[in-house]
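Next comes entry24.csv, a file with CSV, C-alpha atoms.
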chain,number,residue,atom,x,y,z
D,272,MET,CA,-46.5,22.2,-4.0
D,273,THR,CA,-47.5,19.5,-1.5
D,274,THR,CA,-45.2,16.8,-0.1
D,275,GLY,CA,-46.9,14.1,-2.1
D,276,SER,CA,-46.4,16.0,-5.4
D,277,ARG,CA,-42.8,16.7,-4.6
D,278,LEU,CA,-42.2,13.0,-3.9
D,279,ARG,CA,-43.8,12.0,-7.2
D,280,THR,CA,-41.7,14.5,-9.0
D,281,LEU,CA,-38.5,13.2,-7.4
D,282,LEU,CA,-39.4,9.6,-8.2
D,283,SER,CA,-40.2,10.5,-11.7
D,284,SER,CA,-36.9,12.3,-12.3
D,285,GLY,CA,-35.1,9.4,-10.6
D,286,ASN,CA,-36.7,6.9,-12.9
D,287,GLN,CA,-35.8,8.9,-16.0
D,288,PHE,CA,-32.2,8.8,-14.9
D,289,LEU,CA,-32.1,5.1,-13.9
D,290,GLN,CA,-33.8,3.9,-17.1
D,291,ALA,CA,-30.7,5.0,-19.0
D,292,ALA,CA,-29.2,1.5,-18.9
D,293,PHE,CA,-25.9,0.5,-20.5
D,294,THR,CA,-25.9,-1.0,-23.9
D,295,PRO,CA,-23.9,-4.2,-24.5
D,296,THR,CA,-21.2,-2.1,-26.3
D,297,GLN,CA,-21.0,0.3,-23.4
D,298,ILE,CA,-20.7,-2.6,-20.9
D,299,LEU,CA,-17.9,-4.1,-23.0
D,300,LEU,CA,-16.2,-0.7,-23.2
D,301,SER,CA,-16.4,-0.2,-19.4
D,302,PHE,CA,-15.0,-3.7,-18.7
D,303,LEU,CA,-12.2,-3.2,-21.2
D,304,ILE,CA,-11.1,0.2,-19.8
D,305,THR,CA,-11.3,-1.3,-16.3
D,306,VAL,CA,-9.0,-4.2,-17.3
D,307,LEU,CA,-6.5,-1.9,-18.8
D,308,MET,CA,-6.5,0.4,-15.8
D,309,THR,CA,-6.2,-2.4,-13.3
D,310,THR,CA,-3.3,-3.8,-15.3
D,311,TYR,CA,-1.7,-0.5,-14.8
D,312,ILE,CA,-2.4,-0.7,-11.1
D,313,TYR,CA,-0.9,-4.2,-11.2
D,314,TYR,CA,2.3,-2.9,-12.7
D,315,ILE,CA,2.5,0.1,-10.2
D,316,TYR,CA,2.0,-2.2,-7.2
D,317,LYS,CA,4.8,-4.6,-8.4
D,318,LYS,CA,7.1,-1.7,-9.3
D,319,THR,CA,6.7,0.1,-5.9
D,320,PHE,CA,6.5,-3.0,-3.7
D,321,SER,CA,9.1,-2.8,-0.9
D,322,GLY,CA,7.9,-5.5,1.5
D,323,ILE,CA,9.5,-8.9,2.4
D,324,LEU,CA,7.4,-11.2,0.3
D,325,TYR,CA,5.6,-10.1,-2.9
D,326,SER,CA,2.2,-11.6,-3.3
D,327,LYS,CA,1.1,-12.1,-6.9
D,328,ASN,CA,-2.3,-13.4,-5.7
D,329,PHE,CA,-3.0,-10.1,-3.9
D,330,ASN,CA,-2.0,-8.2,-7.0
D,331,LEU,CA,-4.4,-10.3,-9.2
D,332,THR,CA,-7.1,-9.7,-6.6
D,333,LEU,CA,-6.9,-6.0,-7.3
D,334,ILE,CA,-8.0,-6.7,-10.9
D,335,VAL,CA,-10.8,-9.0,-9.9
D,336,ILE,CA,-12.1,-6.5,-7.2
D,337,ALA,CA,-12.2,-3.7,-9.7
D,338,LEU,CA,-14.1,-5.8,-12.3
D,339,VAL,CA,-16.6,-7.0,-9.7
D,340,VAL,CA,-17.3,-3.5,-8.4
D,341,ASN,CA,-17.6,-2.3,-12.0
D,342,ALA,CA,-20.2,-5.0,-12.7
D,343,ILE,CA,-22.1,-4.0,-9.6
D,344,MET,CA,-22.2,-0.4,-10.5
D,345,ILE,CA,-23.4,-1.2,-14.0
D,346,GLY,CA,-26.1,-3.5,-12.6
D,347,ILE,CA,-27.5,-1.0,-10.1
D,348,SER,CA,-27.3,2.0,-12.4
D,349,GLY,CA,-30.6,1.0,-14.1
D,350,ASN,CA,-32.6,-0.3,-11.2
D,351,ILE,CA,-33.2,1.6,-7.9
D,352,VAL,CA,-34.7,-1.5,-6.2
D,353,LEU,CA,-31.6,-3.6,-7.1
D,354,SER,CA,-29.3,-0.8,-5.9
D,355,LEU,CA,-31.0,-0.6,-2.5
D,356,GLY,CA,-30.9,-4.4,-2.2
D,357,LEU,CA,-27.2,-4.6,-2.9
D,358,VAL,CA,-26.5,-1.8,-0.4
D,359,GLY,CA,-28.2,-3.9,2.2
D,360,ALA,CA,-26.6,-7.1,1.2
D,361,LEU,CA,-23.1,-5.7,1.0
D,362,SER,CA,-23.4,-4.0,4.4
D,363,ILE,CA,-23.4,-7.3,6.2
D,364,ILE,CA,-20.3,-8.7,4.4
D,365,ARG,CA,-17.3,-9.1,6.7
D,366,PHE,CA,-13.8,-9.7,5.4
D,367,ARG,CA,-11.7,-11.9,7.6
D,368,THR,CA,-8.4,-11.7,5.6
D,369,ALA,CA,-6.1,-9.3,7.4
D,370,VAL,CA,-4.2,-6.7,5.4
D,371,LYS,CA,-0.8,-6.4,7.1
D,372,ASP,CA,0.5,-3.5,5.1
D,373,PRO,CA,-1.5,-0.2,5.2
D,374,ARG,CA,-0.1,0.4,1.7
D,375,ASP,CA,-2.0,-2.6,0.4
D,376,THR,CA,-5.2,-1.1,1.8
D,377,ALA,CA,-4.5,2.0,-0.3
D,378,PHE,CA,-4.2,-0.2,-3.4
D,379,LEU,CA,-7.5,-1.9,-2.5
D,380,PHE,CA,-9.3,1.4,-2.3
D,381,TRP,CA,-7.6,2.5,-5.6
D,382,ALA,CA,-9.0,-0.6,-7.4
D,383,ILE,CA,-12.4,-0.2,-5.9
D,384,THR,CA,-12.5,3.5,-6.9
D,385,VAL,CA,-11.6,2.6,-10.5
D,386,GLY,CA,-14.4,0.0,-10.6
D,387,ILE,CA,-16.9,2.5,-9.2
D,388,ILE,CA,-16.0,5.4,-11.5
D,389,ASN,CA,-15.7,3.2,-14.6
D,390,GLY,CA,-19.1,1.7,-13.7
D,391,VAL,CA,-20.7,5.1,-14.2
D,392,ALA,CA,-18.7,5.8,-17.3
D,393,TYR,CA,-16.7,8.6,-15.9
D,394,TYR,CA,-13.5,7.4,-17.6
D,395,GLU,CA,-11.8,10.8,-17.6
D,396,LEU,CA,-11.8,11.1,-13.8
D,397,SER,CA,-10.7,7.5,-13.4
D,398,ILE,CA,-7.7,7.9,-15.8
D,399,ILE,CA,-6.6,11.3,-14.4
D,400,ALA,CA,-6.9,10.2,-10.8
D,401,SER,CA,-4.9,7.0,-11.5
D,402,LEU,CA,-2.1,8.9,-13.1
D,403,PHE,CA,-1.8,11.3,-10.2
D,404,ILE,CA,-1.9,8.4,-7.7
D,405,SER,CA,0.7,6.4,-9.5
D,406,LEU,CA,2.9,9.5,-9.9
D,407,ALA,CA,2.8,10.1,-6.2
D,408,LEU,CA,3.6,6.5,-5.4
D,409,LEU,CA,6.6,6.4,-7.8
D,410,ILE,CA,8.0,9.7,-6.4
D,411,PHE,CA,7.7,8.9,-2.7
D,412,SER,CA,8.7,5.2,-3.1
D,413,LYS,CA,11.9,6.4,-4.8
D,414,LYS,CA,12.6,8.9,-2.1
D,415,GLU,CA,12.1,6.2,0.5
D,416,SER,CA,14.6,3.9,-1.2
D,417,LEU,CA,17.2,6.7,-1.1
D,418,GLU,CA,16.7,7.3,2.6
D,419,ILE,CA,16.3,3.7,3.9
D,420,SER,CA,16.7,3.1,7.6
D,421,TYR,CA,18.3,0.1,9.2
D,422,ILE,CA,18.3,-1.4,12.7
D,423,LEU,CA,21.8,-2.3,13.9
D,424,ILE,CA,21.7,-4.9,16.7
D,425,VAL,CA,25.0,-5.2,18.6
D,426,VAL,CA,25.7,-7.5,21.5
D,427,TYR,CA,29.0,-7.1,23.4
D,428,GLU,CA,30.5,-7.5,26.9
D,429,THR,CA,32.4,-4.4,27.7
D,430,ASP,CA,31.6,-0.7,27.2
D,431,LEU,CA,32.3,-0.5,23.5
D,432,PHE,CA,29.6,2.0,22.6
D,433,PRO,CA,32.0,5.0,22.3
D,434,LYS,CA,33.9,3.1,19.6
D,435,ILE,CA,30.7,2.0,17.9
D,436,LYS,CA,29.6,5.6,17.9
D,437,LYS,CA,32.7,6.7,16.1
D,438,ILE,CA,32.1,4.1,13.4
D,439,LEU,CA,28.5,5.1,13.0
D,440,GLU,CA,29.4,8.8,12.8
D,441,LYS,CA,31.9,7.9,10.1
D,442,TYR,CA,29.5,6.1,7.8
D,443,SER,CA,25.9,7.0,8.7
D,444,TRP,CA,23.9,10.2,8.2
D,445,SER,CA,22.2,9.8,11.6
D,446,TYR,CA,21.7,7.2,14.3
D,447,THR,CA,19.3,6.7,17.3
D,448,VAL,CA,19.5,4.2,20.1
D,449,ARG,CA,16.1,2.5,20.2
D,450,SER,CA,16.7,0.0,23.0
D,451,ASP,CA,19.4,-0.8,25.5
D,452,THR,CA,19.3,-4.2,27.3
D,453,HIS,CA,21.6,-5.4,30.0
D,454,GLU,CA,21.7,-9.1,30.8
D,455,GLY,CA,24.6,-10.2,33.0
D,456,LYS,CA,27.8,-9.2,31.3
D,457,ASN,CA,26.1,-8.8,27.9
D,458,ILE,CA,24.9,-5.5,26.6
D,459,GLU,CA,22.5,-5.4,23.6
D,460,LYS,CA,21.7,-2.3,21.7
D,461,ALA,CA,19.3,-1.8,18.9
D,462,ILE,CA,20.3,1.3,16.9
D,463,GLU,CA,18.4,2.9,14.1
D,464,VAL,CA,20.9,4.0,11.5
D,465,LYS,CA,20.7,5.6,8.0
D,466,VAL,CA,23.6,4.5,5.8
D,467,GLU,CA,24.2,4.2,2.1
D,468,PRO,CA,23.6,0.7,0.7
D,469,ASP,CA,27.2,0.4,-0.4
D,470,THR,CA,28.6,1.1,3.1
D,471,GLN,CA,26.7,-1.6,4.9
D,472,GLU,CA,29.5,-4.1,4.7
D,473,LYS,CA,32.0,-1.6,5.9
D,474,VAL,CA,30.0,-0.7,9.0
D,475,LEU,CA,29.5,-4.4,9.9
D,476,LYS,CA,33.2,-5.3,9.3
D,477,GLU,CA,34.6,-2.5,11.4
D,478,ILE,CA,32.2,-3.1,14.3
D,479,ARG,CA,32.9,-6.9,14.2
D,480,GLU,CA,36.6,-6.2,14.4
D,481,LEU,CA,36.2,-4.6,17.8
D,482,PRO,CA,37.0,-6.8,20.8
D,483,ASN,CA,34.3,-8.6,22.7
D,484,ILE,CA,31.7,-8.3,20.0
D,485,LYS,CA,29.4,-11.3,20.2
D,486,LYS,CA,26.7,-10.3,17.7
D,487,CYS,CA,26.4,-7.7,15.0
D,488,ILE,CA,23.6,-7.7,12.4
D,489,LEU,CA,21.9,-5.1,10.3
D,490,ILE,CA,18.2,-5.3,9.5
D,491,SER,CA,16.5,-3.2,6.9
D,492,SER,CA,13.2,-1.5,7.5
D,493,SER,CA,11.6,-4.1,5.2
D,494,GLY,CA,12.8,-6.9,7.4
D,495,ASP,CA,15.8,-8.1,5.3
D,496,PHE,CA,19.0,-9.2,7.0
D,497,VAL,CA,22.4,-7.9,6.0
D,498,GLU,CA,25.1,-10.4,7.0

As a first step, turn the structure in this file into structure tokens.
Amino acid sequence: MTTGSRLRTLLSSGNQFLQAAFTPTQILLSFLITVLMTTYIYYIYKKTFSGILYSKNFNLTLIVIALVVNAIMIGISGNIVLSLGLVGALSIIRFRTAVKDPRDTAFLFWAITVGIINGVAYYELSIIASLFISLALLIFSKKESLEISYILIVVYETDLFPKIKKILEKYSWSYTVRSDTHEGKNIEKAIEVKVEPDTQEKVLKEIRELPNIKKCILISSSGDFVE
């Protein structure tokens, strides 16, 4: 078989596949399933969010992105020329909005994946994959909440660290000095500690009762202050 005949055979088989366009009913079904699944993603994102400020707009964007990608996949599934044109057009798009949390990037990819898979009517894979992803998120976010780390910032004048160590050994699972700054008579230490949520106040109270303590605050890994 010559190269020309092979090319004609390949194009012929490709055209047969691409001509299988979606019917209006199939398009509606694809969008409906995508909306239901992205609503599920919306709930998982809100349920597992552990940052400082929850963004409802970002969560709604996940639904819109999945629907847009779904529409693109349906559109290019029946036209090879359109598919090549969209690939070229989308390749020059640059997004300027910074995603600060890597976890948000994972949700973006999840929404895009749902849109792509539903766009080719592979609903079983979309549903099963989403269930496994959400299960992993729920399990590991729960574990993280049980083992939350805090940064204890203490400023004092004299060498009180041995006494601070005794308090930390009494209430925390572990602690690590992350920074040690000396400025004149003042000593500032940033200590990473792991304590139970109900013992935070006890740690702060006992440290503040020590002499020559100028500052004592506890900051969670999400950026929240514990006064």

(Q) Applying 7 Å and all atoms listed in the file, which residues near range 430-447 of chain D remain after dropping the ones on its own chain fewer than 4 positions away? List them as a PyMOL selection string. (A) chain D and resi 462-466+470+474+478

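The gap separating CA of Thr332 in chain D from CA of Val391 in chain D is 21.5 Å, in Å to one decimal.
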
Q) What is the CA of Ala407 in chain D-CA of Asp372 in chain D distance in Å, reported with one decimal? A) 17.8 Å

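Straight-line separation from CA of Tyr314 in chain D to CA of Leu300 in chain D: 21.4 Å.
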
Q. Looking at D:Ile304, D:Val448, D:Ser401, D:Leu338, which one is nearest to Trp381 in chain D, with distances taken over only C-alpha atoms?
A. D:Ser401

Q: For each of D:Leu402, D:Leu423, D:Glu428, D:Val306, take the minimum atom-to-atom distance to Cys487 in chain D, counting only C-alpha atoms, then give the residue where this is smallest.
A: D:Leu423

Q: Determine, counting only C-alpha atoms, which protein, DNA and RNA residues have an atom within 12 Å of an atom of range 382-388 of chain D; residues of the same chain fewer than 4 positions away are not included. Present the result as a PyMOL selection string.
A: chain D and resi 301-313+315-316+329-348+375-378+392-402+404

Deliver the residues from the most recent selection as a file, using C-alpha atoms, as a CSV table (one decimal), in the coordinates of the input.
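Dumped everything to selection_24.csv:
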chain,number,residue,atom,x,y,z
D,301,SER,CA,-16.4,-0.2,-19.4
D,302,PHE,CA,-15.0,-3.7,-18.7
D,303,LEU,CA,-12.2,-3.2,-21.2
D,304,ILE,CA,-11.1,0.2,-19.8
D,305,THR,CA,-11.3,-1.3,-16.3
D,306,VAL,CA,-9.0,-4.2,-17.3
D,307,LEU,CA,-6.5,-1.9,-18.8
D,308,MET,CA,-6.5,0.4,-15.8
D,309,THR,CA,-6.2,-2.4,-13.3
D,310,THR,CA,-3.3,-3.8,-15.3
D,311,TYR,CA,-1.7,-0.5,-14.8
D,312,ILE,CA,-2.4,-0.7,-11.1
D,313,TYR,CA,-0.9,-4.2,-11.2
D,315,ILE,CA,2.5,0.1,-10.2
D,316,TYR,CA,2.0,-2.2,-7.2
D,329,PHE,CA,-3.0,-10.1,-3.9
D,330,ASN,CA,-2.0,-8.2,-7.0
D,331,LEU,CA,-4.4,-10.3,-9.2
D,332,THR,CA,-7.1,-9.7,-6.6
D,333,LEU,CA,-6.9,-6.0,-7.3
D,334,ILE,CA,-8.0,-6.7,-10.9
D,335,VAL,CA,-10.8,-9.0,-9.9
D,336,ILE,CA,-12.1,-6.5,-7.2
D,337,ALA,CA,-12.2,-3.7,-9.7
D,338,LEU,CA,-14.1,-5.8,-12.3
D,339,VAL,CA,-16.6,-7.0,-9.7
D,340,VAL,CA,-17.3,-3.5,-8.4
D,341,ASN,CA,-17.6,-2.3,-12.0
D,342,ALA,CA,-20.2,-5.0,-12.7
D,343,ILE,CA,-22.1,-4.0,-9.6
D,344,MET,CA,-22.2,-0.4,-10.5
D,345,ILE,CA,-23.4,-1.2,-14.0
D,346,GLY,CA,-26.1,-3.5,-12.6
D,347,ILE,CA,-27.5,-1.0,-10.1
D,348,SER,CA,-27.3,2.0,-12.4
D,375,ASP,CA,-2.0,-2.6,0.4
D,376,THR,CA,-5.2,-1.1,1.8
D,377,ALA,CA,-4.5,2.0,-0.3
D,378,PHE,CA,-4.2,-0.2,-3.4
D,392,ALA,CA,-18.7,5.8,-17.3
D,393,TYR,CA,-16.7,8.6,-15.9
D,394,TYR,CA,-13.5,7.4,-17.6
D,395,GLU,CA,-11.8,10.8,-17.6
D,396,LEU,CA,-11.8,11.1,-13.8
D,397,SER,CA,-10.7,7.5,-13.4
D,398,ILE,CA,-7.7,7.9,-15.8
D,399,ILE,CA,-6.6,11.3,-14.4
D,400,ALA,CA,-6.9,10.2,-10.8
D,401,SER,CA,-4.9,7.0,-11.5
D,402,LEU,CA,-2.1,8.9,-13.1
D,404,ILE,CA,-1.9,8.4,-7.7

Q: Can you work out which one of D:Arg374, D:Lys473, D:Lys485, D:Arg479 has the shortest atom-to-atom distance to Lys456 in chain D, counting all atoms listed in the file?
A: D:Lys485

Q.
So, with all atoms listed in the file as the atoms that count, which of D:Ile488, D:Leu481, D:Thr319, D:Glu467 lies closest to Ile424 in chain D?
A. D:Ile488
